[in-house]
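start.cif, holding mmCIF, C-alpha atoms:
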```cif
data_protein
loop_
_atom_site.group_PDB
_atom_site.id
_atom_site.type_symbol
_atom_site.label_atom_id
_atom_site.label_comp_id
_atom_site.auth_asym_id
_atom_site.auth_seq_id
_atom_site.Cartn_x
_atom_site.Cartn_y
_atom_site.Cartn_z
ATOM 1 C CA MET A 1 -8.037 -9.374 -13.245
ATOM 2 C CA MET A 2 -7.768 -13.067 -12.504
ATOM 3 C CA ALA A 3 -5.253 -15.167 -14.353
ATOM 4 C CA ALA A 4 -3.953 -18.680 -14.708
ATOM 5 C CA ALA A 5 -1.095 -19.803 -12.505
ATOM 6 C CA SER A 6 2.036 -17.811 -13.158
ATOM 7 C CA SER A 7 5.386 -19.588 -13.314
ATOM 8 C CA SER A 8 7.033 -16.499 -11.807
ATOM 9 C CA CYS A 9 4.669 -16.389 -8.789
ATOM 10 C CA VAL A 10 5.990 -18.233 -5.745
ATOM 11 C CA PHE A 11 2.477 -18.607 -4.335
ATOM 12 C CA CYS A 12 1.258 -20.157 -7.612
ATOM 13 C CA GLU A 13 4.082 -22.664 -7.272
ATOM 14 C CA ILE A 14 2.954 -23.473 -3.726
ATOM 15 C CA ALA A 15 -0.707 -23.711 -4.792
ATOM 16 C CA THR A 16 0.167 -26.172 -7.559
ATOM 17 C CA ARG A 17 2.394 -28.160 -5.198
ATOM 18 C CA SER A 18 5.535 -27.397 -7.202
ATOM 19 C CA THR A 19 7.544 -26.671 -4.050
ATOM 20 C CA ALA A 20 8.410 -28.577 -0.890
ATOM 21 C CA THR A 21 6.212 -26.249 1.192
ATOM 22 C CA THR A 22 4.189 -28.179 3.764
ATOM 23 C CA LEU A 23 0.495 -27.522 3.258
ATOM 24 C CA LEU A 24 -1.652 -27.231 6.365
ATOM 25 C CA HIS A 25 -4.829 -27.391 4.278
ATOM 26 C CA SER A 26 -5.706 -27.858 0.635
ATOM 27 C CA ASP A 27 -8.914 -28.121 -1.336
ATOM 28 C CA ASP A 28 -10.048 -27.162 -4.829
ATOM 29 C CA LYS A 29 -10.239 -23.428 -3.934
ATOM 30 C CA VAL A 30 -7.424 -22.666 -1.457
ATOM 31 C CA VAL A 31 -4.242 -23.886 0.169
ATOM 32 C CA ALA A 32 -2.771 -22.858 3.521
ATOM 33 C CA PHE A 33 0.775 -22.909 4.853
ATOM 34 C CA GLN A 34 2.995 -21.282 7.488
ATOM 35 C CA ASP A 35 4.381 -17.825 6.804
ATOM 36 C CA ILE A 36 8.162 -18.077 6.296
ATOM 37 C CA ARG A 37 8.686 -15.001 8.510
ATOM 38 C CA PRO A 38 6.049 -15.426 11.226
ATOM 39 C CA SER A 39 4.963 -12.295 13.025
ATOM 40 C CA ALA A 40 2.917 -14.082 15.688
ATOM 41 C CA PHE A 41 2.748 -17.227 17.816
ATOM 42 C CA ARG A 42 1.013 -18.858 14.820
ATOM 43 C CA HIS A 43 1.085 -17.105 11.444
ATOM 44 C CA TYR A 44 -0.502 -18.850 8.490
ATOM 45 C CA LEU A 45 -1.312 -17.750 4.959
ATOM 46 C CA VAL A 46 -4.396 -18.905 3.077
ATOM 47 C CA ILE A 47 -4.179 -18.359 -0.682
ATOM 48 C CA PRO A 48 -6.510 -19.100 -3.573
ATOM 49 C CA VAL A 49 -5.367 -21.788 -5.995
ATOM 50 C CA GLN A 50 -6.341 -19.432 -8.818
ATOM 51 C CA HIS A 51 -3.922 -16.532 -9.310
ATOM 52 C CA ILE A 52 -5.585 -13.329 -8.089
ATOM 53 C CA PRO A 53 -3.017 -10.540 -7.689
ATOM 54 C CA THR A 54 -4.440 -8.410 -4.826
ATOM 55 C CA VAL A 55 -7.560 -7.427 -2.903
ATOM 56 C CA ASN A 56 -8.037 -4.697 -5.517
ATOM 57 C CA ASP A 57 -8.844 -7.425 -8.049
ATOM 58 C CA LEU A 58 -11.902 -8.617 -6.119
ATOM 59 C CA GLN A 59 -15.339 -7.129 -6.720
ATOM 60 C CA ARG A 60 -18.847 -7.156 -5.299
ATOM 61 C CA LYS A 61 -19.537 -10.539 -6.866
ATOM 62 C CA THR A 62 -20.940 -13.669 -5.277
ATOM 63 C CA GLU A 63 -17.927 -15.780 -6.280
ATOM 64 C CA ASP A 64 -15.394 -13.283 -4.855
ATOM 65 C CA TYR A 65 -17.357 -12.976 -1.617
ATOM 66 C CA ALA A 66 -17.601 -16.784 -1.350
ATOM 67 C CA LEU A 67 -13.864 -17.188 -1.934
ATOM 68 C CA VAL A 68 -12.861 -14.711 0.798
ATOM 69 C CA THR A 69 -15.434 -16.239 3.160
ATOM 70 C CA HIS A 70 -13.933 -19.679 2.520
ATOM 71 C CA MET A 71 -10.392 -18.353 3.034
ATOM 72 C CA LEU A 72 -11.465 -16.905 6.396
ATOM 73 C CA GLU A 73 -13.220 -20.135 7.429
ATOM 74 C CA VAL A 74 -10.090 -22.161 6.636
ATOM 75 C CA GLY A 75 -7.890 -19.718 8.565
ATOM 76 C CA ARG A 76 -10.166 -19.813 11.600
ATOM 77 C CA MET A 77 -10.289 -23.614 11.545
ATOM 78 C CA LEU A 78 -6.484 -23.861 11.416
ATOM 79 C CA LEU A 79 -5.918 -21.434 14.284
ATOM 80 C CA LEU A 80 -8.581 -23.088 16.431
ATOM 81 C CA ARG A 81 -6.886 -26.423 15.775
ATOM 82 C CA ASP A 82 -3.270 -25.291 16.220
ATOM 83 C CA ALA A 83 -3.577 -22.474 18.772
ATOM 84 C CA PRO A 84 -6.609 -23.354 20.908
ATOM 85 C CA HIS A 85 -5.363 -21.357 23.897
ATOM 86 C CA SER A 86 -4.746 -18.146 21.982
ATOM 87 C CA ASN A 87 -7.349 -15.606 23.058
ATOM 88 C CA HIS A 88 -6.855 -13.250 20.149
ATOM 89 C CA HIS A 89 -6.732 -13.905 16.428
ATOM 90 C CA ARG A 90 -6.318 -11.452 13.533
ATOM 91 C CA PHE A 91 -7.268 -12.111 9.939
ATOM 92 C CA GLY A 92 -6.631 -9.729 7.096
ATOM 93 C CA PHE A 93 -4.942 -8.636 3.910
ATOM 94 C CA HIS A 94 -2.212 -6.149 3.068
ATOM 95 C CA GLN A 95 -3.416 -3.646 0.496
ATOM 96 C CA PRO A 96 -1.179 -2.432 -2.341
ATOM 97 C CA PRO A 97 1.441 -1.104 -2.284
ATOM 98 C CA LEU A 98 2.168 -2.803 1.057
ATOM 99 C CA ASN A 99 1.542 -6.372 -0.092
ATOM 100 C CA SER A 100 4.739 -8.384 -0.339
ATOM 101 C CA VAL A 101 3.624 -10.945 -2.952
ATOM 102 C CA ASN A 102 1.257 -10.220 -5.828
ATOM 103 C CA HIS A 103 -0.956 -13.217 -5.151
ATOM 104 C CA LEU A 104 -3.921 -12.718 -2.832
ATOM 105 C CA HIS A 105 -3.132 -14.049 0.630
ATOM 106 C CA LEU A 106 -4.997 -13.923 3.916
ATOM 107 C CA HIS A 107 -2.816 -13.490 6.996
ATOM 108 C CA CYS A 108 -4.093 -15.601 9.905
ATOM 109 C CA LEU A 109 -2.405 -14.671 13.160
ATOM 110 C CA ALA A 110 -2.779 -16.213 16.621
ATOM 111 C CA LEU A 111 -1.386 -13.614 18.989
ATOM 112 C CA PRO A 112 0.808 -12.677 20.743
ATOM 113 C CA TYR A 113 3.029 -11.150 18.114
ATOM 114 C CA THR A 114 6.604 -12.399 17.978
ATOM 115 C CA PRO A 115 9.119 -10.297 19.895
ATOM 116 C CA SER A 116 10.036 -7.566 17.467
ATOM 117 C CA ARG A 117 9.953 -3.870 18.025
ATOM 118 C CA TRP A 118 7.940 -2.887 14.954
ATOM 119 C CA ARG A 119 6.661 -6.001 13.221
ATOM 120 C CA PHE A 120 3.118 -5.707 14.613
ATOM 121 C CA ILE A 121 2.654 -2.365 12.828
ATOM 122 C CA LYS A 122 2.391 -4.230 9.511
ATOM 123 C CA TYR A 123 -0.885 -5.683 10.793
ATOM 124 C CA MET A 124 -2.532 -2.448 11.899
ATOM 125 C CA PRO A 125 -5.223 -0.731 9.820
ATOM 126 C CA LEU A 126 -3.529 2.315 8.264
ATOM 127 C CA GLY A 127 -6.280 3.570 5.972
ATOM 128 C CA PRO A 128 -6.577 2.767 2.277
ATOM 129 C CA ILE A 129 -3.055 1.332 1.951
ATOM 130 C CA GLY A 130 -2.736 -0.514 5.239
ATOM 131 C CA PHE A 131 -3.850 -3.870 6.573
ATOM 132 C CA ILE A 132 -7.557 -4.506 6.116
ATOM 133 C CA GLU A 133 -9.314 -6.894 8.483
ATOM 134 C CA ALA A 134 -10.982 -9.795 6.658
ATOM 135 C CA GLU A 135 -14.441 -9.067 8.117
ATOM 136 C CA ARG A 136 -14.217 -5.437 7.030
ATOM 137 C CA PHE A 137 -13.093 -6.473 3.568
ATOM 138 C CA LEU A 138 -16.023 -8.893 3.306
ATOM 139 C CA GLU A 139 -18.395 -5.994 4.045
ATOM 140 C CA LYS A 140 -16.739 -4.026 1.257
ATOM 141 C CA ILE A 141 -17.252 -6.754 -1.381
ATOM 142 C CA LYS A 142 -20.615 -8.108 -0.216
ATOM 143 C CA PRO A 143 -22.841 -8.448 -3.315
#
```
For the file at hand, write its structure as structure tokens.
Amino acid sequence: MMAAASSSCVFCEIATRSTATTLLHSDDKVVAFQDIRPSAFRHYLVIPVQHIPTVNDLQRKTEDYALVTHMLEVGRMLLLRDAPHSNHHRFGFHQPPLNSVNHLHLHCLALPYTPSRWRFIKYMPLGPIGFIEAERFLEKIKP
């Protein structure tokens, strides 16, 4: 279920520019910014301006597919611009119940991961509740 911006959603506040968060990209569909707890050399989040709680709220519809495709294109553009020497990028979503914020957000990571013993595990596919790669998710919702 898609909803209007929520005053209690921190990502809605960022999307409507109600915070001091520096935006790396903004257009009428999405905004992008740095993750506040980066797990990689570069770690950006791309979020829709419209409040969409999780990946479970997207369906096999042209507009949902187009939105996720655009999110991925923005993420790729930012990492190519800001981490041109990184040989490995990861793009994906945490699936409920492992998502930290109930506002759809694409993780865009330019590896290597930051030095942390276990942080990288959050970005590994762990079945139906783990991290889902953006390309795989696009296959799932392709109309």
Legend entry - Nearest-residue call for His85 in chain A, choices A:His70, A:His107, A:Arg42, A:His51, using all atoms listed in the file: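 Answer, going by the shortest atom-to-atom distance: A:Arg42.
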Inset, instruction - Would you please work out which residue, of A:Leu109, A:His94, A:Glu139, A:Ser18, is nearest to Gly127 in chain A when using all atoms listed in the file? - result: A:His94
Please, what is the axis-aligned box for every listed atom of range 120-127 of chain A with 4 Å on each side, as centre and edge lengths in Å to one decimal, as AutoDock Vina command-line options?
```
--center_x -1.6 --center_y -1.1 --center_z 10.3 --size_x 17.4 --size_y 17.3 --size_z 16.6
```
Inset, instruction - Could you tell me which of A:His103, A:His89, A:Lys29, A:Arg119 comes closest to Arg76 in chain A if we count only C-alpha atoms? - result: A:His89
Inset, instruction - For CA of Ala15 in chain A and CA of Asp35 in chain A, quote the distance in Å rounded to one decimal. - result: 14.0 Å
Legend entry - the PyMOL selection byres ((chain A and resi 123) around 12) applied to the shown file, residues as a ChimeraX atom specification: /A:38-40,43,89-95,98-99,106-109,111,113,118-122,124-127,129-134
Legend entry - Residues matched by the PyMOL selection byres ((chain A and resi 102) around 10) as a VMD selection string: chain A and resid 9 to 11 51 to 55 96 to 97 99 to 101 103 to 105
Legend entry - CA of Arg60 in chain A to CA of Leu78 in chain A, distance in Å rounded to a single decimal: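 CA of Arg60 in chain A sits 26.7 Å away from CA of Leu78 in chain A.
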Legend entry - Length of the CA of Tyr65 in chain A to CA of Asn87 in chain A vector [Å]: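 According to the coordinates, CA of Tyr65 in chain A and CA of Asn87 in chain A are separated by 26.8 Å.
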Inset, instruction - Identify which of the residues A:Ala20, A:Met77, A:Val31, A:Ala83 lies closest to Val49 in chain A, counting all atoms listed in the file when measuring atom-to-atom distances. - result: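 Between A:Ala20, A:Met77, A:Val31, A:Ala83, the residue approaching Val49 in chain A most closely is A:Val31.
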Legend entry - Nearest candidate to Val68 in chain A (options A:Glu135, A:Asp27, A:Glu13, A:Asp82; using all atoms listed in the file): A:Glu135
Legend entry - Nearest-residue call for Ile141 in chain A, choices A:Leu45, A:Leu79, A:Ala32, A:Leu58, using only C-alpha atoms: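 Ranking A:Leu45, A:Leu79, A:Ala32, A:Leu58 by distance to Ile141 in chain A, first place goes to A:Leu58.
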